[in-house]
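Peer 1: This is final-v6.pdb (PDB, C-alpha atoms and all ligand atoms).
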```
ATOM      1  CA  MET A   1      23.020  19.028   2.970
ATOM      2  CA  ASP A   2      23.688  15.818   4.884
ATOM      3  CA  PRO A   3      20.671  13.455   4.839
ATOM      4  CA  LEU A   4      21.804  11.955   8.182
ATOM      5  CA  GLN A   5      22.453  13.368  11.654
ATOM      6  CA  TRP A   6      25.656  12.240  13.364
ATOM      7  CA  ALA A   7      27.039  12.119  16.896
ATOM      8  CA  ILE A   8      30.236  10.976  18.627
ATOM      9  CA  ASP A   9      29.983   7.826  20.752
ATOM     10  CA  PRO A  10      31.814   7.448  24.133
ATOM     11  CA  TRP A  11      34.798   5.982  22.264
ATOM     12  CA  GLY A  12      35.112   8.955  19.987
ATOM     13  CA  LYS A  13      33.688   7.230  16.914
ATOM     14  CA  VAL A  14      31.323   9.150  14.659
ATOM     15  CA  VAL A  15      27.983   7.294  14.434
ATOM     16  CA  PRO A  16      24.697   8.080  12.654
ATOM     17  CA  ILE A  17      21.782   8.785  15.009
ATOM     18  CA  HIS A  18      18.803   9.795  12.834
ATOM     19  CA  ILE A  19      17.882  10.851   9.360
ATOM     20  CA  ALA A  20      17.941  14.627   8.894
ATOM     21  CA  TRP A  21      14.378  15.850   9.379
ATOM     22  CA  PHE A  22      14.326  18.006   6.244
ATOM     23  CA  LEU A  23      13.743  14.667   4.478
ATOM     24  CA  ILE A  24      10.157  14.898   5.778
ATOM     25  CA  TRP A  25       9.659  17.915   3.514
ATOM     26  CA  VAL A  26      11.500  16.270   0.623
ATOM     27  CA  ALA A  27       9.095  13.294   0.831
ATOM     28  CA  ALA A  28       5.988  15.455   1.231
ATOM     29  CA  ILE A  29       6.952  17.698  -1.707
ATOM     30  CA  ALA A  30       7.848  14.689  -3.898
ATOM     31  CA  GLY A  31       4.450  13.120  -3.079
ATOM     32  CA  LEU A  32       2.682  16.389  -3.891
ATOM     33  CA  LEU A  33       4.582  16.790  -7.170
ATOM     34  CA  PHE A  34       3.622  13.275  -8.223
ATOM     35  CA  VAL A  35      -0.029  14.011  -7.494
ATOM     36  CA  ILE A  36       0.011  17.325  -9.421
ATOM     37  CA  VAL A  37       1.854  15.937 -12.462
ATOM     38  CA  HIS A  38      -0.363  12.846 -12.599
ATOM     39  CA  ALA A  39      -3.583  14.864 -12.263
ATOM     40  CA  ILE A  40      -2.498  17.240 -15.072
ATOM     41  CA  TYR A  41      -1.467  14.322 -17.275
ATOM     42  CA  VAL A  42      -4.796  12.513 -16.833
ATOM     43  CA  ARG A  43      -6.833  15.708 -17.302
ATOM     44  CA  TYR A  44      -5.114  17.072 -20.401
ATOM     45  CA  PHE A  45      -2.984  14.452 -22.110
ATOM     46  CA  ALA A  46      -3.975  10.848 -21.366
ATOM     47  CA  LYS A  47      -5.902   8.987 -24.058
ATOM     48  CA  PRO A  48      -8.951   6.979 -23.017
ATOM     49  CA  ARG A  49      -8.039   3.554 -21.706
ATOM     50  CA  GLN A  50      -8.264   0.732 -24.248
ATOM     51  CA  PHE A  51      -8.335  -2.991 -23.662
ATOM     52  CA  GLY A  52      -8.202  -5.851 -26.131
ATOM     53  CA  PRO A  53     -11.270  -8.050 -26.737
ATOM     54  CA  TYR A  54     -12.221 -10.690 -24.169
ATOM     55  CA  GLU A  55     -10.388 -13.959 -24.873
ATOM     56  CA  ALA A  56     -13.557 -15.976 -24.258
ATOM     57  CA  PRO A  57     -17.196 -14.884 -24.714
ATOM     58  CA  VAL A  58     -18.646 -13.243 -21.602
ATOM     59  CA  ILE A  59     -22.299 -13.496 -20.600
ATOM     60  CA  PRO A  60     -22.966 -10.465 -18.373
ATOM     61  CA  ALA A  61     -26.091 -12.029 -16.848
ATOM     62  CA  GLN A  62     -23.871 -14.717 -15.352
ATOM     63  CA  ILE A  63     -21.936 -12.131 -13.387
ATOM     64  CA  PRO A  64     -23.571 -11.055 -10.109
ATOM     65  CA  GLU A  65     -24.729  -7.440 -10.010
ATOM     66  CA  HIS A  66     -22.518  -6.923  -6.960
ATOM     67  CA  VAL A  67     -19.191  -8.634  -7.532
ATOM     68  CA  PRO A  68     -17.675  -9.577  -4.145
ATOM     69  CA  ARG A  69     -14.151  -8.158  -3.848
ATOM     70  CA  HIS A  70     -13.078  -7.835  -0.197
ATOM     71  CA  SER A  71     -14.375  -9.972   2.673
ATOM     72  CA  LEU A  72     -15.380  -8.282   5.926
ATOM     73  CA  THR A  73     -12.167  -9.570   7.535
ATOM     74  CA  ALA A  74     -10.012  -8.142   4.736
ATOM     75  CA  ARG A  75     -11.783  -4.778   4.992
ATOM     76  CA  ALA A  76     -11.456  -4.694   8.790
ATOM     77  CA  PHE A  77      -7.731  -5.393   8.403
ATOM     78  CA  HIS A  78      -7.331  -2.626   5.829
ATOM     79  CA  TRP A  79      -8.985   0.049   7.964
ATOM     80  CA  ILE A  80      -7.276  -0.988  11.217
ATOM     81  CA  MET A  81      -3.957  -0.881   9.393
ATOM     82  CA  ALA A  82      -4.801   2.518   7.894
ATOM     83  CA  ALA A  83      -5.690   3.951  11.339
ATOM     84  CA  ALA A  84      -2.435   2.600  12.794
ATOM     85  CA  MET A  85      -0.444   3.923   9.827
ATOM     86  CA  PHE A  86      -1.850   7.473  10.100
ATOM     87  CA  THR A  87      -1.314   7.484  13.872
ATOM     88  CA  LEU A  88       2.299   6.391  13.319
ATOM     89  CA  LEU A  89       2.931   9.061  10.687
ATOM     90  CA  PHE A  90       1.389  11.893  12.722
ATOM     91  CA  THR A  91       2.948  10.895  16.054
ATOM     92  CA  ALA A  92       6.368  10.481  14.422
ATOM     93  CA  PHE A  93       6.516  13.570  12.279
ATOM     94  CA  LEU A  94       4.375  16.292  13.914
ATOM     95  CA  PRO A  95       6.885  16.744  16.773
ATOM     96  CA  LYS A  96       9.707  16.981  14.238
ATOM     97  CA  ILE A  97       8.054  19.889  12.447
ATOM     98  CA  GLY A  98       7.298  21.878  15.567
ATOM     99  CA  PHE A  99       4.132  20.447  17.218
ATOM    100  CA  GLN A 100       5.560  19.150  20.477
ATOM    101  CA  PHE A 101       3.706  16.503  22.489
ATOM    102  CA  ASP A 102       4.507  13.306  24.332
ATOM    103  CA  TRP A 103       4.405  11.150  21.207
ATOM    104  CA  VAL A 104       6.443   8.029  21.991
ATOM    105  CA  THR A 105       3.743   6.118  23.905
ATOM    106  CA  TYR A 106       1.071   6.696  21.237
ATOM    107  CA  HIS A 107       3.645   5.762  18.632
ATOM    108  CA  TRP A 108       4.670   2.386  20.024
ATOM    109  CA  ILE A 109       1.044   1.490  20.785
ATOM    110  CA  ALA A 110       0.083   2.223  17.139
ATOM    111  CA  GLY A 111       3.234   0.348  16.085
ATOM    112  CA  THR A 112       2.074  -2.690  18.067
ATOM    113  CA  VAL A 113      -1.379  -2.533  16.448
ATOM    114  CA  LEU A 114       0.236  -2.318  13.001
ATOM    115  CA  THR A 115       2.616  -5.195  13.742
ATOM    116  CA  ILE A 116      -0.164  -7.489  14.979
ATOM    117  CA  SER A 117      -2.445  -6.556  12.070
ATOM    118  CA  ILE A 118       0.327  -7.284   9.546
ATOM    119  CA  ILE A 119       1.104 -10.676  11.127
ATOM    120  CA  PHE A 120      -2.617 -11.428  10.912
ATOM    121  CA  HIS A 121      -2.730 -10.243   7.281
ATOM    122  CA  ILE A 122       0.212 -12.461   6.262
ATOM    123  CA  ILE A 123      -1.500 -15.546   7.735
ATOM    124  CA  HIS A 124      -4.933 -14.583   6.347
ATOM    125  CA  ALA A 125      -3.605 -13.847   2.845
ATOM    126  CA  SER A 126      -1.415 -16.971   2.742
ATOM    127  CA  PHE A 127      -4.004 -19.498   3.860
ATOM    128  CA  PHE A 128      -7.465 -17.991   3.341
ATOM    129  CA  LEU A 129      -7.176 -15.574   0.382
ATOM    130  CA  ASP A 130      -5.795 -16.052  -3.110
ATOM    131  CA  PHE A 131      -2.122 -15.463  -2.201
ATOM    132  CA  TRP A 132      -0.877 -15.090  -5.799
ATOM    133  CA  SER A 133      -3.508 -12.525  -6.832
ATOM    134  CA  ILE A 134      -1.350  -9.621  -5.583
ATOM    135  CA  TRP A 135       1.908 -10.633  -7.333
ATOM    136  CA  PRO A 136       2.636  -9.645 -10.959
ATOM    137  CA  ASP A 137       2.143 -12.494 -13.447
ATOM    138  CA  LYS A 138       3.344 -13.030 -17.025
ATOM    139  CA  ILE A 139       0.345 -11.276 -18.584
ATOM    140  CA  ASP A 140       0.934  -8.211 -16.379
ATOM    141  CA  LEU A 141       4.537  -7.985 -17.594
ATOM    142  CA  ARG A 142       3.607  -8.506 -21.230
ATOM    143  CA  ASP A 143       0.871  -5.873 -20.934
ATOM    144  CA  ALA A 144       3.210  -3.425 -19.168
ATOM    145  CA  TRP A 145       5.452  -3.738 -22.230
ATOM    146  CA  ARG A 146       2.496  -3.174 -24.563
ATOM    147  CA  ARG A 147       1.234  -0.214 -22.554
ATOM    148  CA  THR A 148       4.698   1.398 -22.529
ATOM    149  CA  HIS A 149       4.964   0.994 -26.309
ATOM    150  CA  ARG A 150       1.514   2.474 -26.867
ATOM    151  CA  PHE A 151       2.340   5.332 -24.455
ATOM    152  CA  MET A 152       5.357   6.172 -26.631
ATOM    153  CA  GLY A 153       3.214   6.090 -29.758
ATOM    154  CA  LYS A 154       4.671   2.815 -31.080
ATOM    155  CA  PRO A 155       2.383   0.134 -32.520
ATOM    156  CA  ALA A 156       1.445  -2.620 -30.034
ATOM    157  CA  PRO A 157      -1.732  -4.632 -29.395
ATOM    158  CA  PRO A 158      -3.962  -3.291 -26.608
ATOM    159  CA  PRO A 159      -3.460  -4.890 -23.173
ATOM    160  CA  GLU A 160      -5.880  -7.411 -21.711
ATOM    161  CA  ARG A 161      -8.252  -6.477 -18.937
ATOM    162  CA  PHE A 162      -6.866  -6.871 -15.410
ATOM    163  CA  ALA A 163      -7.038  -9.825 -13.084
ATOM    164  CA  LYS A 164      -8.263  -8.976  -9.553
ATOM    165  CA  TYR A 165      -5.546  -6.320  -9.120
ATOM    166  CA  PRO A 166      -4.000  -4.098 -11.841
ATOM    167  CA  LEU A 167      -0.193  -4.177 -12.116
ATOM    168  CA  GLU A 168       0.079  -0.705 -10.545
ATOM    169  CA  ASN A 169      -1.689  -1.931  -7.399
ATOM    170  CA  LYS A 170       0.598  -4.958  -7.255
ATOM    171  CA  LEU A 171       3.719  -2.809  -7.539
ATOM    172  CA  TYR A 172       2.379  -0.441  -4.886
ATOM    173  CA  HIS A 173       1.750  -3.395  -2.580
ATOM    174  CA  GLY A 174       5.387  -4.465  -3.102
ATOM    175  CA  ALA A 175       6.672  -0.986  -2.186
ATOM    176  CA  ILE A 176       4.472  -0.910   0.927
ATOM    177  CA  ILE A 177       5.816  -4.320   1.960
ATOM    178  CA  ALA A 178       9.416  -3.065   1.682
ATOM    179  CA  ALA A 179       8.827   0.187   3.592
ATOM    180  CA  GLY A 180       6.290  -1.281   6.052
ATOM    181  CA  LEU A 181       8.348  -4.319   7.030
ATOM    182  CA  THR A 182      11.478  -2.179   7.446
ATOM    183  CA  ALA A 183       9.586   0.175   9.784
ATOM    184  CA  ILE A 184       8.079  -2.751  11.699
ATOM    185  CA  ILE A 185      11.241  -4.834  12.162
ATOM    186  CA  THR A 186      13.377  -1.858  13.206
ATOM    187  CA  GLY A 187      10.470  -0.480  15.299
ATOM    188  CA  VAL A 188      10.141  -3.721  17.280
ATOM    189  CA  PHE A 189      13.860  -3.557  18.211
ATOM    190  CA  MET A 190      13.569   0.161  18.968
ATOM    191  CA  MET A 191      10.899  -0.639  21.532
ATOM    192  CA  SER A 192      13.716  -1.893  23.772
ATOM    193  CA  ARG A 193      15.062   1.680  23.891
ATOM    194  CA  VAL A 194      11.871   3.058  25.431
ATOM    195  CA  ARG A 195       9.575   1.916  28.258
ATOM    196  CA  THR A 196       6.811  -0.390  27.009
ATOM    197  CA  ILE A 197       4.736  -3.160  28.552
ATOM    198  CA  PHE A 198       6.478  -5.847  26.484
ATOM    199  CA  PHE A 199      10.092  -6.170  27.582
ATOM    200  CA  PRO A 200      12.474  -4.455  30.014
ATOM    201  CA  ARG A 201      14.228  -1.389  28.641
ATOM    202  CA  ASN A 202      17.654  -2.325  27.298
ATOM    203  CA  PRO A 203      19.434   0.380  25.318
ATOM    204  CA  TYR A 204      22.607  -1.752  25.292
ATOM    205  CA  LEU A 205      21.170  -4.490  23.086
ATOM    206  CA  PHE A 206      23.256  -3.251  20.135
ATOM    207  CA  THR A 207      26.324  -1.070  19.603
ATOM    208  CA  ASP A 208      25.803   2.645  19.021
ATOM    209  CA  MET A 209      26.634   2.149  15.352
ATOM    210  CA  THR A 210      23.980  -0.581  14.935
ATOM    211  CA  TRP A 211      21.383   1.440  16.844
ATOM    212  CA  GLY A 212      22.215   4.464  14.713
ATOM    213  CA  MET A 213      21.733   2.526  11.493
ATOM    214  CA  MET A 214      18.499   1.086  12.833
ATOM    215  CA  TYR A 215      17.124   4.577  13.592
ATOM    216  CA  VAL A 216      18.226   5.723  10.130
ATOM    217  CA  LEU A 217      16.494   2.758   8.441
ATOM    218  CA  HIS A 218      13.351   3.374  10.516
ATOM    219  CA  GLY A 219      13.390   7.041   9.539
ATOM    220  CA  LEU A 220      13.978   6.318   5.838
ATOM    221  CA  ALA A 221      11.115   3.806   5.799
ATOM    222  CA  GLY A 222       8.990   6.400   7.625
ATOM    223  CA  VAL A 223       9.582   9.215   5.123
ATOM    224  CA  GLY A 224       9.126   6.720   2.277
ATOM    225  CA  LEU A 225       5.737   5.927   3.764
ATOM    226  CA  ILE A 226       4.795   9.640   3.720
ATOM    227  CA  MET A 227       5.108   9.536  -0.074
ATOM    228  CA  LEU A 228       3.468   6.145  -0.487
ATOM    229  CA  ILE A 229       0.481   7.034   1.685
ATOM    230  CA  MET A 230      -0.023  10.390  -0.065
ATOM    231  CA  VAL A 231      -0.091   8.653  -3.447
ATOM    232  CA  HIS A 232      -2.407   5.927  -2.120
ATOM    233  CA  VAL A 233      -4.929   8.427  -0.730
ATOM    234  CA  TYR A 234      -4.775  10.443  -3.958
ATOM    235  CA  PHE A 235      -5.648   7.407  -6.094
ATOM    236  CA  GLY A 236      -8.305   6.388  -3.578
ATOM    237  CA  ILE A 237     -10.193   9.638  -4.109
ATOM    238  CA  ARG A 238      -9.694   9.974  -7.892
ATOM    239  CA  PRO A 239     -13.113   9.694  -9.584
ATOM    240  CA  GLU A 240     -12.222   6.769 -11.875
ATOM    241  CA  LYS A 241     -10.824   4.781  -8.923
ATOM    242  CA  ARG A 242     -13.729   5.407  -6.575
ATOM    243  CA  PRO A 243     -15.464   2.091  -7.374
ATOM    244  CA  ILE A 244     -12.320   0.376  -6.051
ATOM    245  CA  THR A 245     -12.307   2.517  -2.904
ATOM    246  CA  LYS A 246     -16.020   1.858  -2.386
ATOM    247  CA  SER A 247     -15.327  -1.864  -2.625
ATOM    248  CA  MET A 248     -12.966  -1.486   0.344
ATOM    249  CA  ILE A 249     -15.915  -0.053   2.317
ATOM    250  CA  PHE A 250     -18.849  -2.155   1.136
ATOM    251  CA  GLY A 251     -16.997  -5.261  -0.037
ATOM    252  CA  TRP A 252     -18.253  -5.364  -3.652
ATOM    253  CA  MET A 253     -17.944  -3.583  -7.001
ATOM    254  CA  SER A 254     -20.611  -3.242  -9.668
ATOM    255  CA  ARG A 255     -20.905  -5.735 -12.521
ATOM    256  CA  ASP A 256     -20.417  -2.865 -15.025
ATOM    257  CA  PHE A 257     -17.127  -1.776 -13.501
ATOM    258  CA  TYR A 258     -15.961  -5.371 -13.212
ATOM    259  CA  LEU A 259     -16.681  -6.052 -16.888
ATOM    260  CA  GLU A 260     -15.132  -2.771 -17.971
ATOM    261  CA  GLU A 261     -11.751  -3.298 -16.257
ATOM    262  CA  HIS A 262     -11.447  -6.952 -15.309
ATOM    263  CA  ASP A 263     -11.157 -10.156 -17.249
ATOM    264  CA  PRO A 264     -13.574 -12.802 -15.939
ATOM    265  CA  GLN A 265     -11.053 -15.456 -16.965
ATOM    266  CA  ARG A 266      -8.255 -13.884 -14.939
ATOM    267  CA  TRP A 267     -10.464 -13.004 -11.962
ATOM    268  CA  VAL A 268     -13.107 -15.666 -11.736
ATOM    269  CA  VAL A 269     -16.228 -14.835  -9.712
ATOM    270  CA  GLU A 270     -19.029 -17.179  -8.702
ATOM    271  CA  PRO A 271     -21.976 -16.889 -11.156
ATOM    272  CA  SER A 272     -24.967 -14.888  -9.933
ATOM    273  CA  ALA A 273     -27.712 -16.783  -8.067
ATOM    274  CA  THR A 274     -30.136 -16.083 -10.953
ATOM    275  CA  ALA A 275     -27.808 -17.526 -13.587
ATOM    276  CA  ALA A 276     -26.962 -20.527 -11.410
ATOM    277  CA  ALA A 277     -30.650 -21.190 -10.790
ATOM    278  CA  LYS A 278     -31.438 -20.884 -14.525
ATOM    279  CA  SER A 279     -28.718 -23.308 -15.531
ATOM    280  CA  ALA A 280     -30.020 -25.726 -12.841
ATOM    281  CA  GLY A 281     -33.543 -25.390 -14.311
ATOM    282  CA  THR A 282     -35.123 -23.799 -11.194
ATOM    283  CA  PRO A 283     -36.741 -20.366 -10.980
ATOM    284  CA  GLY A 284     -34.148 -17.848  -9.854
ATOM    285  CA  GLN A 285     -34.357 -15.046  -7.297
ATOM    286  CA  ASP A 286     -33.088 -11.536  -8.073
TER     287      ASP A 286
HETATM  288  C1  LIG B 301       4.207   4.237   9.413
HETATM  289  C2  LIG B 301       5.125   3.613  10.082
HETATM  290  C3  LIG B 301       6.130   4.320  10.985
HETATM  291  C4  LIG B 301       6.673   5.564  10.881
HETATM  292  C5  LIG B 301       6.383   6.626   9.832
HETATM  293  C6  LIG B 301       7.570   5.736  11.985
HETATM  294  C7  LIG B 301       8.372   6.839  12.206
HETATM  295  C8  LIG B 301       9.217   7.008  13.272
HETATM  296  C9  LIG B 301      10.159   8.075  13.432
HETATM  297  C10 LIG B 301      10.404   9.183  12.413
HETATM  298  C11 LIG B 301      10.792   7.908  14.622
HETATM  299  C12 LIG B 301      11.899   8.756  15.187
HETATM  300  C13 LIG B 301      13.158   8.027  14.839
HETATM  301  C14 LIG B 301      14.383   8.777  15.219
HETATM  302  O1  LIG B 301      14.393   9.443  16.247
HETATM  303  O2  LIG B 301      15.354   8.636  14.450
HETATM  304  C15 LIG B 301      10.266   6.720  15.225
HETATM  305  C16 LIG B 301      10.662   6.208  16.446
HETATM  306  C17 LIG B 301      10.168   5.029  16.987
HETATM  307  N1  LIG B 301       9.285   4.164  16.401
HETATM  308 FE1  LIG B 301       8.416   4.394  14.595
HETATM  309  N2  LIG B 301       7.539   4.610  12.755
HETATM  310  C18 LIG B 301       6.681   3.711  12.163
HETATM  311  C19 LIG B 301       6.389   2.442  12.596
HETATM  312  C20 LIG B 301       6.748   1.933  13.825
HETATM  313  C21 LIG B 301       6.403   0.629  14.307
HETATM  314  C22 LIG B 301       5.591  -0.386  13.513
HETATM  315  C23 LIG B 301       6.921   0.514  15.568
HETATM  316  C24 LIG B 301       6.836  -0.626  16.529
HETATM  317  C25 LIG B 301       6.535  -1.827  16.239
HETATM  318  C26 LIG B 301       7.596   1.752  15.872
HETATM  319  C27 LIG B 301       8.247   2.028  17.046
HETATM  320  C28 LIG B 301       9.058   3.122  17.272
HETATM  321  C29 LIG B 301       9.827   3.323  18.470
HETATM  322  C30 LIG B 301       9.859   2.411  19.687
HETATM  323  C31 LIG B 301      10.532   4.503  18.276
HETATM  324  C32 LIG B 301      11.606   5.034  19.215
HETATM  325  C33 LIG B 301      11.419   6.167  19.937
HETATM  326  C34 LIG B 301      12.684   6.630  20.630
HETATM  327  O3  LIG B 301      13.719   5.945  20.680
HETATM  328  O4  LIG B 301      12.591   7.720  21.114
HETATM  329  N3  LIG B 301       7.489   2.596  14.798
HETATM  330  N4  LIG B 301       9.309   6.177  14.391
END
```
Since I need it in another form, could you write the structure as structure tokens?
Peer 2:
Amino acid sequence: MDPLQWAIDPWGKVVPIHIAWFLIWVAAIAGLLFVIVHAIYVRYFAKPRQFGPYEAPVIPAQIPEHVPRHSLTARAFHWIMAAAMFTLLFTAFLPKIGFQFDWVTYHWIAGTVLTISIIFHIIHASFFLDFWSIWPDKIDLRDAWRRTHRFMGKPAPPPERFAKYPLENKLYHGAIIAAGLTAIITGVFMMSRVRTIFFPRNPYLFTDMTWGMMYVLHGLAGVGLIMLIMVHVYFGIRPEKRPITKSMIFGWMSRDFYLEEHDPQRWVVEPSATAAAKSAGTPGQD
């Protein structure tokens, strides 16, 4: 079973033209298998999560009842990107599995929305958010080691509570960057093969071989995203992750959840208005 489709160019050379579309099913089934195996593992085998003690004493009353997690701008970006991503997946793959419609226009429009939203996100995250909060740090790596040891039944100290994002979320973000940027960069070039409002159509920009590889890369990133998005949605609706999903809607998570999973030293939040007022000697407002 060849994962690529091939054709012969005008000079008689064999060139790749697309991925083979059965890879759509491979990705969907792999995503589904991951979900099933993970759900069974958590339900029947996983031990309750354990964290080490806080490094420094924590005074819960100093933490606001609603811990701010995502600004309105960050949430708007997330949901615009999600809408563009789903539109891209459905417009790309439904026609390949038998639901024919005129998909290309919807696809490049959603692609443009995704591209602009990602450019915005890169600027926003680099200059207005805490850029380093989404990249693994030393404690994450040390704790991954500890968690792996404990998973295999070997003695190791419990991991610390998370910073703003758990390691799993950081790794997922890295995978999305790889697949997303590949789809975007190849997609922007591929727009010159179809009629758009941006630039004149020019299918001769690259050789047939380069175009073929570009379509293959775009397709591979696309099927990779099928898996990644399935896994993302699955975690988003899992009961123990719902406080995180809710924070992407309302912008905050509860103090209890924050204290249960996060380390106030690794993810510092502004003290609550009541605590700040008390330490300033003025009556506080709840
Ligand atoms: C979730 C992200 C995306 C997925 C799953 C996806 C998937 C696909 C697939 C499977 C194809 C057919 C490729 C082929 O025939 O070999 C395609 C074509 C195309 N995509 Fe995407 N794509 C994504 C993102 C983008 C983005 C961000 C852009 C633009 C910036 C874009 C623009 C295009 C264009 C112009 C075509 C070419 C249509 C043609 O030549 O007929 N795509 N896409």
Peer 1: Report as a list in words the full result of the PyMOL selection byres (((not hetatm)) within 6 of (chain B and resi 301)) when it is applied to this structure.
Peer 2: His18, Met85, Leu88, Leu89, Ala92, Phe93, Val104, Trp108, Gly111, Thr112, Leu114, Thr115, Ala183, Ile184, Gly187, Val188, Met190, Met191, Arg193, Val194, Tyr215, Val216, Gly219 and Gly222 of chain A
Peer 1: Save the residues we just selected, C-alpha atoms, as a PDB file, keeping the file's coordinate frame?
Peer 2:
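To be explicit, this is the file written out as selection20.pdb:
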```
ATOM      1  CA  HIS A  18      18.803   9.795  12.834  1.00  0.00           C
ATOM      2  CA  MET A  85      -0.444   3.923   9.827  1.00  0.00           C
ATOM      3  CA  LEU A  88       2.299   6.391  13.319  1.00  0.00           C
ATOM      4  CA  LEU A  89       2.931   9.061  10.687  1.00  0.00           C
ATOM      5  CA  ALA A  92       6.368  10.481  14.422  1.00  0.00           C
ATOM      6  CA  PHE A  93       6.516  13.570  12.279  1.00  0.00           C
ATOM      7  CA  VAL A 104       6.443   8.029  21.991  1.00  0.00           C
ATOM      8  CA  TRP A 108       4.670   2.386  20.024  1.00  0.00           C
ATOM      9  CA  GLY A 111       3.234   0.348  16.085  1.00  0.00           C
ATOM     10  CA  THR A 112       2.074  -2.690  18.067  1.00  0.00           C
ATOM     11  CA  LEU A 114       0.236  -2.318  13.001  1.00  0.00           C
ATOM     12  CA  THR A 115       2.616  -5.195  13.742  1.00  0.00           C
ATOM     13  CA  ALA A 183       9.586   0.175   9.784  1.00  0.00           C
ATOM     14  CA  ILE A 184       8.079  -2.751  11.699  1.00  0.00           C
ATOM     15  CA  GLY A 187      10.470  -0.480  15.299  1.00  0.00           C
ATOM     16  CA  VAL A 188      10.141  -3.721  17.280  1.00  0.00           C
ATOM     17  CA  MET A 190      13.569   0.161  18.968  1.00  0.00           C
ATOM     18  CA  MET A 191      10.899  -0.639  21.532  1.00  0.00           C
ATOM     19  CA  ARG A 193      15.062   1.680  23.891  1.00  0.00           C
ATOM     20  CA  VAL A 194      11.871   3.058  25.431  1.00  0.00           C
ATOM     21  CA  TYR A 215      17.124   4.577  13.592  1.00  0.00           C
ATOM     22  CA  VAL A 216      18.226   5.723  10.130  1.00  0.00           C
ATOM     23  CA  GLY A 219      13.390   7.041   9.539  1.00  0.00           C
ATOM     24  CA  GLY A 222       8.990   6.400   7.625  1.00  0.00           C
TER      25      GLY A 222
END
```
Peer 1: Could you tell me how far CA of Glu168 in chain A sits from CA of Asp140 in chain A, in Å to one decimal place?
Peer 2: 9.5 Å
Peer 1: Can you tell me, as a PyMOL selection string, what residues are no more than 12 Å from Pro3 in chain A when counting all atoms listed in the file, ignoring any on the same chain fewer than 4 positions away?
Peer 2: chain A and resi 16-26+216+219-220+223
Peer 1: Between CA of Thr196 in chain A and CA of Ile109 in chain A, measure the distance and give it in Å to one decimal.
Peer 2: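 Value for the CA of Thr196 in chain A-CA of Ile109 in chain A distance: 8.7 Å.
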Peer 1: CA of Ala61 in chain A and CA of Asp256 in chain A, how far apart in Å?
Peer 2: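 Distance reported for this atom pair: 10.9 Å.
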Peer 1: Specify as an mmCIF file with C-alpha atoms, in the coordinates of the input each residue included when the PyMOL selection byres (((chain A and resi 172) around 12) and not hetatm) is applied to this file.
Peer 2:
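Result written to part-v3.cif:
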```cif
data_model
loop_
_atom_site.group_PDB
_atom_site.id
_atom_site.type_symbol
_atom_site.label_atom_id
_atom_site.label_comp_id
_atom_site.auth_asym_id
_atom_site.auth_seq_id
_atom_site.Cartn_x
_atom_site.Cartn_y
_atom_site.Cartn_z
ATOM 1 C CA ILE A 134 -1.350 -9.621 -5.583
ATOM 2 C CA TRP A 135 1.908 -10.633 -7.333
ATOM 3 C CA PRO A 136 2.636 -9.645 -10.959
ATOM 4 C CA TYR A 165 -5.546 -6.320 -9.120
ATOM 5 C CA PRO A 166 -4.000 -4.098 -11.841
ATOM 6 C CA LEU A 167 -0.193 -4.177 -12.116
ATOM 7 C CA GLU A 168 0.079 -0.705 -10.545
ATOM 8 C CA ASN A 169 -1.689 -1.931 -7.399
ATOM 9 C CA LYS A 170 0.598 -4.958 -7.255
ATOM 10 C CA LEU A 171 3.719 -2.809 -7.539
ATOM 11 C CA HIS A 173 1.750 -3.395 -2.580
ATOM 12 C CA GLY A 174 5.387 -4.465 -3.102
ATOM 13 C CA ALA A 175 6.672 -0.986 -2.186
ATOM 14 C CA ILE A 176 4.472 -0.910 0.927
ATOM 15 C CA ILE A 177 5.816 -4.320 1.960
ATOM 16 C CA ALA A 178 9.416 -3.065 1.682
ATOM 17 C CA ALA A 179 8.827 0.187 3.592
ATOM 18 C CA GLY A 180 6.290 -1.281 6.052
ATOM 19 C CA LEU A 225 5.737 5.927 3.764
ATOM 20 C CA MET A 227 5.108 9.536 -0.074
ATOM 21 C CA LEU A 228 3.468 6.145 -0.487
ATOM 22 C CA ILE A 229 0.481 7.034 1.685
ATOM 23 C CA VAL A 231 -0.091 8.653 -3.447
ATOM 24 C CA HIS A 232 -2.407 5.927 -2.120
ATOM 25 C CA PHE A 235 -5.648 7.407 -6.094
#
```
Peer 1: Decode the PyMOL selection byres (((chain A and resi 66) around 6) and not hetatm) for the given file into explicit residues and return them as an MDAnalysis selection string.
Peer 2: chainID A and resid 64:65 67 252:255
